[in-house]
file run_11.tsv (TSV, C-alpha atoms and all ligand atoms)
chain	number	residue	atom	x	y	z
A	6	MET	CA	0.00	0.00	0.00
A	7	PRO	CA	1.47	3.46	-0.86
A	8	ALA	CA	2.54	5.73	2.01
A	9	ASP	CA	0.27	8.48	3.20
A	10	HIS	CA	1.09	11.91	1.83
A	11	VAL	CA	0.01	14.98	3.79
A	12	LEU	CA	-0.18	18.37	2.08
A	13	ILE	CA	0.27	21.29	4.50
A	14	LEU	CA	-0.96	24.61	3.17
A	15	GLY	CA	1.39	26.91	5.00
A	16	GLY	CA	2.95	30.31	5.33
A	17	THR	CA	2.51	30.38	9.12
A	18	GLY	CA	4.40	29.34	12.23
A	19	ASP	CA	1.67	26.79	12.92
A	20	ALA	CA	2.31	25.15	9.54
A	21	ARG	CA	6.05	25.01	10.15
A	22	ARG	CA	5.66	23.42	13.61
A	23	LEU	CA	3.17	20.95	12.19
A	24	ALA	CA	5.62	19.99	9.45
A	25	GLU	CA	8.44	19.56	11.98
A	26	HIS	CA	6.35	17.25	14.18
A	27	LEU	CA	4.93	15.16	11.33
A	28	HIS	CA	8.32	14.85	9.61
A	29	ALA	CA	9.85	13.71	12.91
A	30	ALA	CA	7.05	11.13	13.19
A	31	GLY	CA	8.05	9.73	9.79
A	32	VAL	CA	5.09	11.06	7.79
A	33	LEU	CA	5.61	12.05	4.14
A	34	ILE	CA	4.66	15.72	3.94
A	35	THR	CA	4.70	18.49	1.38
A	36	SER	CA	4.55	22.07	2.68
A	37	SER	CA	3.11	24.57	0.24
A	38	PHE	CA	3.98	28.28	0.20
A	39	ALA	CA	2.25	30.97	-1.84
A	40	GLY	CA	5.64	32.33	-2.84
A	41	VAL	CA	4.92	35.86	-1.64
A	42	THR	CA	7.71	35.98	0.95
A	43	GLY	CA	11.17	36.12	-0.54
A	44	SER	CA	12.89	33.84	1.96
A	45	PRO	CA	10.41	31.86	4.08
A	46	ARG	CA	11.75	29.77	6.95
A	47	LEU	CA	11.62	26.37	5.32
A	48	PRO	CA	10.32	23.34	7.22
A	49	PRO	CA	11.71	19.81	6.85
A	50	GLY	CA	10.19	17.55	4.22
A	51	ARG	CA	9.14	18.39	0.69
A	52	VAL	CA	8.42	22.01	-0.12
A	53	ARG	CA	6.66	23.64	-3.06
A	54	HIS	CA	6.24	27.35	-3.88
A	55	GLY	CA	3.54	29.29	-5.73
A	56	GLY	CA	-0.18	29.08	-6.34
A	57	PHE	CA	-1.78	25.94	-7.73
A	58	GLY	CA	-3.86	27.87	-10.26
A	59	GLY	CA	-7.24	27.69	-8.52
A	60	ALA	CA	-9.36	25.06	-6.83
A	61	GLU	CA	-9.70	22.74	-9.84
A	62	ALA	CA	-5.96	22.73	-10.40
A	63	LEU	CA	-5.40	22.03	-6.71
A	64	ALA	CA	-7.81	19.09	-6.92
A	65	ALA	CA	-5.83	17.73	-9.87
A	66	TRP	CA	-2.58	18.22	-7.94
A	67	LEU	CA	-3.97	16.26	-4.98
A	68	VAL	CA	-4.81	13.33	-7.25
A	69	ALA	CA	-1.52	13.47	-9.19
A	70	GLU	CA	0.55	13.58	-6.00
A	71	ALA	CA	-1.55	10.89	-4.27
A	72	VAL	CA	-2.29	13.21	-1.35
A	73	THR	CA	-4.25	11.41	1.36
A	74	LEU	CA	-4.82	14.32	3.78
A	75	VAL	CA	-4.72	18.12	3.52
A	76	VAL	CA	-4.06	20.38	6.49
A	77	ASP	CA	-5.00	23.98	5.82
A	78	ALA	CA	-2.67	25.80	8.21
A	79	THR	CA	-2.77	29.10	6.33
A	80	HIS	CA	-3.20	32.44	8.08
A	81	PRO	CA	-6.77	33.24	9.26
A	82	PHE	CA	-6.91	36.02	6.63
A	83	ALA	CA	-5.93	33.74	3.72
A	84	ALA	CA	-9.60	33.14	2.94
A	85	THR	CA	-9.21	32.45	-0.78
A	86	MET	CA	-6.71	29.64	-0.26
A	87	SER	CA	-8.91	28.13	2.46
A	88	ALA	CA	-11.98	28.22	0.20
A	89	HIS	CA	-9.98	26.59	-2.60
A	90	ALA	CA	-8.84	23.88	-0.19
A	91	VAL	CA	-12.45	23.10	0.74
A	92	ALA	CA	-13.56	22.90	-2.89
A	93	ALA	CA	-10.52	20.89	-4.04
A	94	CYS	CA	-10.69	18.37	-1.19
A	95	THR	CA	-14.39	17.84	-1.83
A	96	ALA	CA	-13.79	17.34	-5.56
A	97	ALA	CA	-10.83	14.99	-5.05
A	98	GLY	CA	-12.36	13.11	-2.11
A	99	VAL	CA	-9.43	13.96	0.16
A	100	PRO	CA	-10.05	14.67	3.87
A	101	ARG	CA	-9.11	18.16	5.11
A	102	LEU	CA	-8.35	19.65	8.49
A	103	ALA	CA	-8.18	23.40	9.17
A	104	VAL	CA	-5.89	24.94	11.81
A	105	VAL	CA	-7.64	28.10	12.99
A	106	ARG	CA	-5.93	30.05	15.78
A	107	ARG	CA	-8.25	31.52	18.38
A	108	PRO	CA	-8.86	35.25	18.00
A	109	TRP	CA	-7.09	37.46	20.55
A	110	GLN	CA	-9.11	38.25	23.66
A	111	PRO	CA	-8.94	41.78	25.10
A	112	GLN	CA	-7.48	42.22	28.58
A	113	PRO	CA	-8.00	45.09	31.04
A	114	GLY	CA	-6.18	48.16	29.74
A	115	ASP	CA	-6.43	47.19	26.07
A	116	ARG	CA	-7.84	49.93	23.84
A	117	TRP	CA	-8.93	47.93	20.81
A	118	ILE	CA	-11.03	49.32	17.99
A	119	THR	CA	-12.38	46.59	15.72
A	120	VAL	CA	-12.93	47.46	12.06
A	121	ALA	CA	-14.13	45.56	9.00
A	122	ASP	CA	-11.11	46.06	6.78
A	123	ALA	CA	-8.06	48.14	5.91
A	124	ALA	CA	-10.18	50.89	4.33
A	125	GLU	CA	-12.15	51.38	7.55
A	126	ALA	CA	-8.92	51.31	9.56
A	127	ALA	CA	-7.48	54.05	7.36
A	128	ALA	CA	-10.62	56.15	7.76
A	129	ARG	CA	-10.50	55.86	11.55
A	130	LEU	CA	-6.82	56.78	11.97
A	131	PRO	CA	-7.05	60.62	11.98
A	132	GLY	CA	-9.25	60.47	15.09
A	133	LEU	CA	-6.90	58.12	16.91
A	134	GLY	CA	-3.33	59.30	16.50
A	135	ARG	CA	-0.64	61.15	14.56
A	136	HIS	CA	1.78	58.34	13.68
A	137	ALA	CA	0.48	54.84	12.89
A	138	LEU	CA	2.42	51.60	12.78
A	139	LEU	CA	0.82	49.37	10.14
A	140	THR	CA	1.54	45.71	10.88
A	141	LEU	CA	-0.30	44.41	7.83
A	142	GLY	CA	0.52	42.65	4.58
A	143	VAL	CA	1.61	44.50	1.46
A	144	LYS	CA	-1.82	43.88	-0.15
A	145	ASP	CA	-3.45	46.00	2.58
A	146	LEU	CA	-1.24	49.05	2.29
A	147	HIS	CA	-2.99	50.51	-0.76
A	148	ALA	CA	-5.89	51.50	1.52
A	149	PHE	CA	-3.61	53.90	3.38
A	150	THR	CA	-2.57	57.17	1.87
A	151	CYS	CA	-0.71	59.78	3.82
A	152	SER	CA	-3.22	62.56	4.35
A	153	GLY	CA	-0.77	64.76	6.18
A	154	ALA	CA	-2.75	64.29	9.37
A	155	VAL	CA	-1.27	60.88	10.15
A	156	ARG	CA	2.28	59.67	9.47
A	157	LEU	CA	2.47	56.07	8.35
A	158	THR	CA	5.11	53.44	9.06
A	159	ALA	CA	4.58	49.87	7.81
A	160	ARG	CA	6.40	46.80	9.06
A	161	LEU	CA	6.74	44.00	6.51
A	162	VAL	CA	8.70	40.77	6.10
A	163	THR	CA	9.42	41.42	2.42
A	164	PRO	CA	9.97	44.94	1.06
A	165	PRO	CA	7.35	45.82	-1.56
A	166	ASP	CA	8.51	46.66	-5.08
A	167	PRO	CA	7.84	49.45	-5.86
A	168	PRO	CA	7.77	50.85	-2.31
A	169	PRO	CA	4.47	52.55	-1.41
A	170	PRO	CA	4.59	56.35	-1.59
A	171	ASP	CA	4.50	58.25	1.69
A	172	ILE	CA	4.82	55.15	3.90
A	173	ALA	CA	8.05	54.61	5.82
A	174	LEU	CA	9.08	50.95	5.85
A	175	ILE	CA	10.53	48.65	8.47
A	176	VAL	CA	11.59	45.30	6.99
A	177	ALA	CA	11.73	42.77	9.81
A	178	ARG	CA	10.53	39.31	10.71
A	179	GLY	CA	9.01	38.56	14.10
A	180	PRO	CA	8.51	37.49	16.75
A	181	PHE	CA	8.98	40.91	18.37
A	182	PRO	CA	9.27	40.88	22.17
A	183	VAL	CA	7.39	43.48	24.18
A	184	GLU	CA	10.57	45.38	25.19
A	185	ALA	CA	11.59	45.79	21.53
A	186	GLU	CA	8.07	46.90	20.61
A	187	ARG	CA	8.03	49.48	23.40
A	188	ALA	CA	11.39	50.82	22.25
A	189	LEU	CA	10.25	51.02	18.63
A	190	ILE	CA	7.05	52.83	19.57
A	191	GLN	CA	8.83	55.32	21.79
A	192	GLU	CA	11.80	55.96	19.47
A	193	ARG	CA	9.57	56.63	16.46
A	194	GLY	CA	6.78	58.46	18.30
A	195	ILE	CA	4.14	55.94	17.25
A	196	ASP	CA	0.80	56.50	18.94
A	197	VAL	CA	-1.55	54.03	17.21
A	198	ILE	CA	-1.09	50.49	15.85
A	199	VAL	CA	-3.03	48.77	13.08
A	200	SER	CA	-3.08	44.98	12.99
A	201	LYS	CA	-5.06	42.04	11.73
A	202	ASP	CA	-6.68	39.90	14.41
A	203	SER	CA	-4.21	37.14	13.62
A	204	GLY	CA	-4.86	35.38	16.93
A	205	GLY	CA	-2.89	32.72	18.75
A	206	PRO	CA	-0.59	33.74	21.59
A	207	ARG	CA	-0.70	37.46	22.50
A	208	THR	CA	2.09	39.31	20.75
A	209	GLY	CA	4.54	41.93	22.01
A	210	LYS	CA	2.87	44.79	20.12
A	211	LEU	CA	-0.42	44.20	21.95
A	212	ASP	CA	1.31	44.18	25.33
A	213	ALA	CA	3.39	47.25	24.47
A	214	ALA	CA	0.29	49.17	23.34
A	215	GLN	CA	-1.52	48.14	26.53
A	216	GLN	CA	1.38	49.27	28.73
A	217	LEU	CA	1.66	52.60	26.92
A	218	GLY	CA	-2.11	53.16	26.73
A	219	LEU	CA	-2.14	53.26	22.91
A	220	PRO	CA	-5.10	52.31	20.72
A	221	VAL	CA	-4.87	49.25	18.48
A	222	VAL	CA	-7.06	49.12	15.38
A	223	LEU	CA	-7.84	45.46	14.72
A	224	LEU	CA	-9.07	44.18	11.37
A	225	ARG	CA	-11.86	41.65	11.85
A	226	ARG	CA	-11.26	38.16	10.46
A	227	PRO	CA	-13.06	36.69	7.48
A	228	PRO	CA	-15.37	33.75	8.34
A	229	PRO	CA	-13.33	30.66	9.29
A	230	PRO	CA	-13.19	27.60	7.02
A	231	PRO	CA	-15.73	24.88	7.77
A	232	PRO	CA	-14.95	22.05	10.23
A	233	PRO	CA	-13.14	19.89	11.03
A	234	ALA	CA	-10.87	22.44	12.64
A	235	VAL	CA	-8.41	22.59	15.54
A	236	ASP	CA	-6.87	25.68	17.12
A	237	SER	CA	-3.14	24.85	17.26
A	238	ALA	CA	-0.36	22.98	15.47
A	239	GLU	CA	-0.04	20.65	18.44
A	240	THR	CA	-3.69	19.54	18.34
A	241	ALA	CA	-3.39	19.19	14.56
A	242	VAL	CA	-0.45	16.78	14.99
A	243	ALA	CA	-2.52	14.58	17.29
A	244	TRP	CA	-5.50	14.73	14.90
A	245	VAL	CA	-3.38	13.80	11.88
A	246	LEU	CA	-1.47	10.98	13.57
A	247	GLU	CA	-4.68	9.49	14.92
A	248	ARG	CA	-6.22	9.68	11.47
A	249	LEU	CA	-3.20	8.04	9.82
A	250	ARG	CA	-3.05	5.30	12.46
A	251	GLY	CA	-6.75	4.69	11.81
A	252	SER	CA	-5.83	3.97	8.19
A	253	GLN	CA	-2.97	1.73	9.43
A	254	ILE	CA	-0.41	4.15	7.95
A	255	PRO	CA	2.34	4.93	8.75
F	301	LIG	P1	-5.11	34.17	-0.24
F	301	LIG	O1	-5.54	35.54	-0.59
F	301	LIG	O2	-6.06	33.33	0.53
F	301	LIG	O3	-4.70	33.33	-1.54
F	301	LIG	C1	-4.46	33.94	-2.79
F	301	LIG	C2	-3.85	32.90	-3.68
F	301	LIG	O4	-2.50	32.64	-3.30
F	301	LIG	C3	-4.53	31.55	-3.61
F	301	LIG	O5	-5.69	31.52	-4.45
F	301	LIG	C4	-3.43	30.62	-4.07
F	301	LIG	O6	-3.25	30.72	-5.47
F	301	LIG	C5	-2.21	31.27	-3.46
F	301	LIG	N1	-1.87	30.71	-2.15
F	301	LIG	C6	-2.18	31.19	-0.92
F	301	LIG	N2	-1.64	30.45	0.05
F	301	LIG	C7	-0.99	29.44	-0.59
F	301	LIG	C8	-0.22	28.34	-0.14
F	301	LIG	N3	0.01	28.11	1.18
F	301	LIG	N4	0.31	27.49	-1.08
F	301	LIG	C9	0.11	27.71	-2.41
F	301	LIG	N5	-0.61	28.75	-2.88
F	301	LIG	C10	-1.13	29.62	-1.99
F	301	LIG	O7	-3.71	34.22	0.53
F	301	LIG	P2	-2.93	35.48	1.17
F	301	LIG	O8	-3.78	36.11	2.20
F	301	LIG	O9	-2.38	36.26	0.04
F	301	LIG	O10	-1.75	34.71	1.90
F	301	LIG	C11	-0.70	34.15	1.14
F	301	LIG	C12	0.15	33.30	2.06
F	301	LIG	O11	0.69	34.08	3.12
F	301	LIG	C13	-0.64	32.17	2.72
F	301	LIG	O12	0.16	31.00	2.63
F	301	LIG	C14	-0.81	32.61	4.15
F	301	LIG	O13	-0.80	31.53	5.07
F	301	LIG	C15	0.38	33.52	4.36
F	301	LIG	N6	0.10	34.63	5.28
F	301	LIG	C16	-0.94	35.44	5.04
F	301	LIG	C17	-1.20	36.46	5.92
F	301	LIG	C18	-2.38	37.38	5.69
F	301	LIG	O14	-2.55	38.32	6.48
F	301	LIG	N7	-3.19	37.17	4.67
F	301	LIG	C19	-0.39	36.67	7.03
F	301	LIG	C20	0.68	35.80	7.26
F	301	LIG	C21	0.93	34.79	6.37
F	301	LIG	P3	-3.92	29.68	-6.51
F	301	LIG	O15	-5.39	30.02	-6.55
F	301	LIG	O16	-3.18	29.92	-7.77
F	301	LIG	O17	-3.70	28.29	-5.97

call {"tool": "encode", "arguments": {"input": "run_11.tsv", "output": "structure tokens"}}
result
Amino acid sequence: MPADHVLILGGTGDARRLAEHLHAAGVLITSSFAGVTGSPRLPPGRVRHGGFGGAEALAAWLVAEAVTLVVDATHPFAATMSAHAVAACTAAGVPRLAVVRRPWQPQPGDRWITVADAAEAAARLPGLGRHALLTLGVKDLHAFTCSGAVRLTARLVTPPDPPPPDIALIVARGPFPVEAERALIQERGIDVIVSKDSGGPRTGKLDAAQQLGLPVVLLRRPPPPPPPAVDSAETAVAWVLERLRGSQIP
């Protein structure tokens, strides 16, 4: 009987940890990256880069590569890829598991303003501060134009080409500890932060904003993919291994 082959739709820390655990357990895995980040931290096992070409093409890829299980461990805002995974797995008859981090929960002292999208965040900024730190993806920056009222600084993993006009750039890869975030905020005179509600463990920027009393504009998540779903890489490992043992493989 051929070995099981797990496709991990990645681009997140959860996906990388999942790949590390499953590879260590002897499972054949392929981690898939969209190819948007110049130098992603590569996990062990097979790796592929770039889009599949839509849901139908992904379904064909699953059949051609004899994939027996798909784990969608993409970012909570990667809604298109998640929808394609649902459609492709249904078409190809391949089981799918989604890893969906829990949304962040506000704590006392947090000043969070929840908005629908980047456009609403941009519209709210003039009433909230004078220098915003945008911790968003490059696709979201077009919503922000420097009006003169609010200075804009964006932090990105990969520098956009061409660089956006009127937005100062910080090219850096997290995680960013709270002390470093406090120093960045204070050195640059940042007084409002914009972030996606990426979820999972609380990050340094949230704690730094809380300590300094700064508002955080949070972009609401798109609807999550349908079940089955787990909320961490670790629970996904257990789910996958149990499933593979159930099929007597590996
Ligand atoms: P998206 O809008 O949901 O997907 C756009 C297209 O990119 C998909 O239709 C697919 O192309 C391709 N794609 C996305 N993820 C892929 C993957 N893991 N492997 C192969 N192709 C992929 O995605 P996005 O929001 O641009 O995110 C792109 C990647 O960055 C994802 O892997 C995601 O996990 C990661 N990421 C996203 C965010 C975020 O805020 N959105 C944050 C951190 C990391 P085809 O239709 O051609 O297959």

call {"tool": "residues_around", "arguments": {"input": "run_11.tsv", "residues": "A:Thr17", "least_positions_apart": "2", "cutoff": "10 Å", "atoms": "all atoms listed in the file", "output": "list in words"}}
result
Leu14, Gly15, Asp19, Ala20, Arg21, Arg22, Leu23, Phe38, Pro45, Arg46, Ala78, Thr79, His80 and Pro81 of chain A

call {"tool": "closest_residue", "arguments": {"input": "run_11.tsv", "among": "A:Pro167, A:Pro100, A:Gly218, A:Gly153", "to": "A:Val245", "atoms": "all atoms listed in the file"}}
result
A:Pro100

call {"tool": "atom_distance", "arguments": {"input": "run_11.tsv", "atom1": "atom O6 of ligand LIG 301 (chain F)", "atom2": "atom CA of A:Gly55"}}
result
6.9 Å

call {"tool": "residues_near_point", "arguments": {"input": "run_11.tsv", "point": "(-12.0, 23.1, 0.8)", "cutoff": "10 Å", "atoms": "all atoms listed in the file", "output": "VMD selection string"}}
result
chain A and resid 60 64 75 77 85 to 96 99 to 103 230 to 232

call {"tool": "axis_aligned_box", "arguments": {"input": "run_11.tsv", "around": "ligand LIG 301 (chain F)", "padding_each_side": "4 Å", "output": "lines of an AutoDock Vina configuration file"}}
result
center_x = -2.6
center_y = 32.9
center_z = -0.3
size_x = 15.0
size_y = 18.8
size_z = 23.0

call {"tool": "closest_residue", "arguments": {"input": "run_11.tsv", "among": "A:Pro111, A:Leu12, A:Val32, A:Asp145", "to": "A:Val68", "atoms": "only C-alpha atoms"}}
result
A:Leu12

call {"tool": "residues_around", "arguments": {"input": "run_11.tsv", "residues": "A:Leu146", "least_positions_apart": "6", "cutoff": "9 Å", "atoms": "only C-alpha atoms", "output": "JSON, numbers by chain"}}
result
{"A": [123, 139, 159, 169, 172]}

call {"tool": "residues_around", "arguments": {"input": "run_11.tsv", "residues": "A:Ala241", "least_positions_apart": "2", "cutoff": "9 Å", "atoms": "all atoms listed in the file", "output": "MDAnalysis selection string"}}
result
chainID A and resid 23 76 102:104 234:239 243:246

call {"tool": "residues_around", "arguments": {"input": "run_11.tsv", "residues": "A:Gly209", "least_positions_apart": "4", "cutoff": "9 Å", "atoms": "only C-alpha atoms", "output": "count of residues only"}}
result
10

call {"tool": "closest_residue", "arguments": {"input": "run_11.tsv", "among": "A:Val197, A:Ile34, A:Val105, A:Leu141", "to": "ligand LIG 301 (chain F)", "atoms": "all atoms listed in the file"}}
result
A:Leu141

call {"tool": "residues_around", "arguments": {"input": "run_11.tsv", "residues": "A:Arg129", "least_positions_apart": "2", "cutoff": "12 Å", "atoms": "only C-alpha atoms", "output": "JSON, numbers by chain"}}
result
{"A": [118, 119, 120, 121, 122, 123, 124, 125, 126, 127, 131, 132, 133, 134, 135, 137, 148, 149, 154, 155, 197, 198, 199, 220, 221, 222, 223, 224]}

call {"tool": "closest_residue", "arguments": {"input": "run_11.tsv", "among": "A:Leu211, A:Leu174, A:Val72, A:Leu189", "to": "A:Leu157", "atoms": "all atoms listed in the file"}}
result
A:Leu174

call {"tool": "atom_distance", "arguments": {"input": "run_11.tsv", "atom1": "atom CA of A:Pro168", "atom2": "atom CA of A:Trp117"}}
result
28.7 Å

call {"tool": "residues_near_point", "arguments": {"input": "run_11.tsv", "point": "(7.1, 43.7, -0.1)", "cutoff": "9 Å", "atoms": "only C-alpha atoms", "output": "ChimeraX atom specification"}}
result
/A:41-43,142-144,161-168,176

call {"tool": "closest_residue", "arguments": {"input": "run_11.tsv", "among": "A:Arg226, A:Ala188, A:Gly50, A:Leu219", "to": "ligand LIG 301 (chain F)", "atoms": "all atoms listed in the file"}}
result
A:Arg226

call {"tool": "closest_residue", "arguments": {"input": "run_11.tsv", "among": "A:Pro227, A:Pro49, A:Pro170, A:Gly114", "to": "ligand LIG 301 (chain F)", "atoms": "only C-alpha atoms and all ligand atoms"}}
result
A:Pro227

call {"tool": "atom_distance", "arguments": {"input": "run_11.tsv", "atom1": "atom O17 of ligand LIG 301 (chain F)", "atom2": "atom CA of A:Ala62"}}
result
7.5 Å
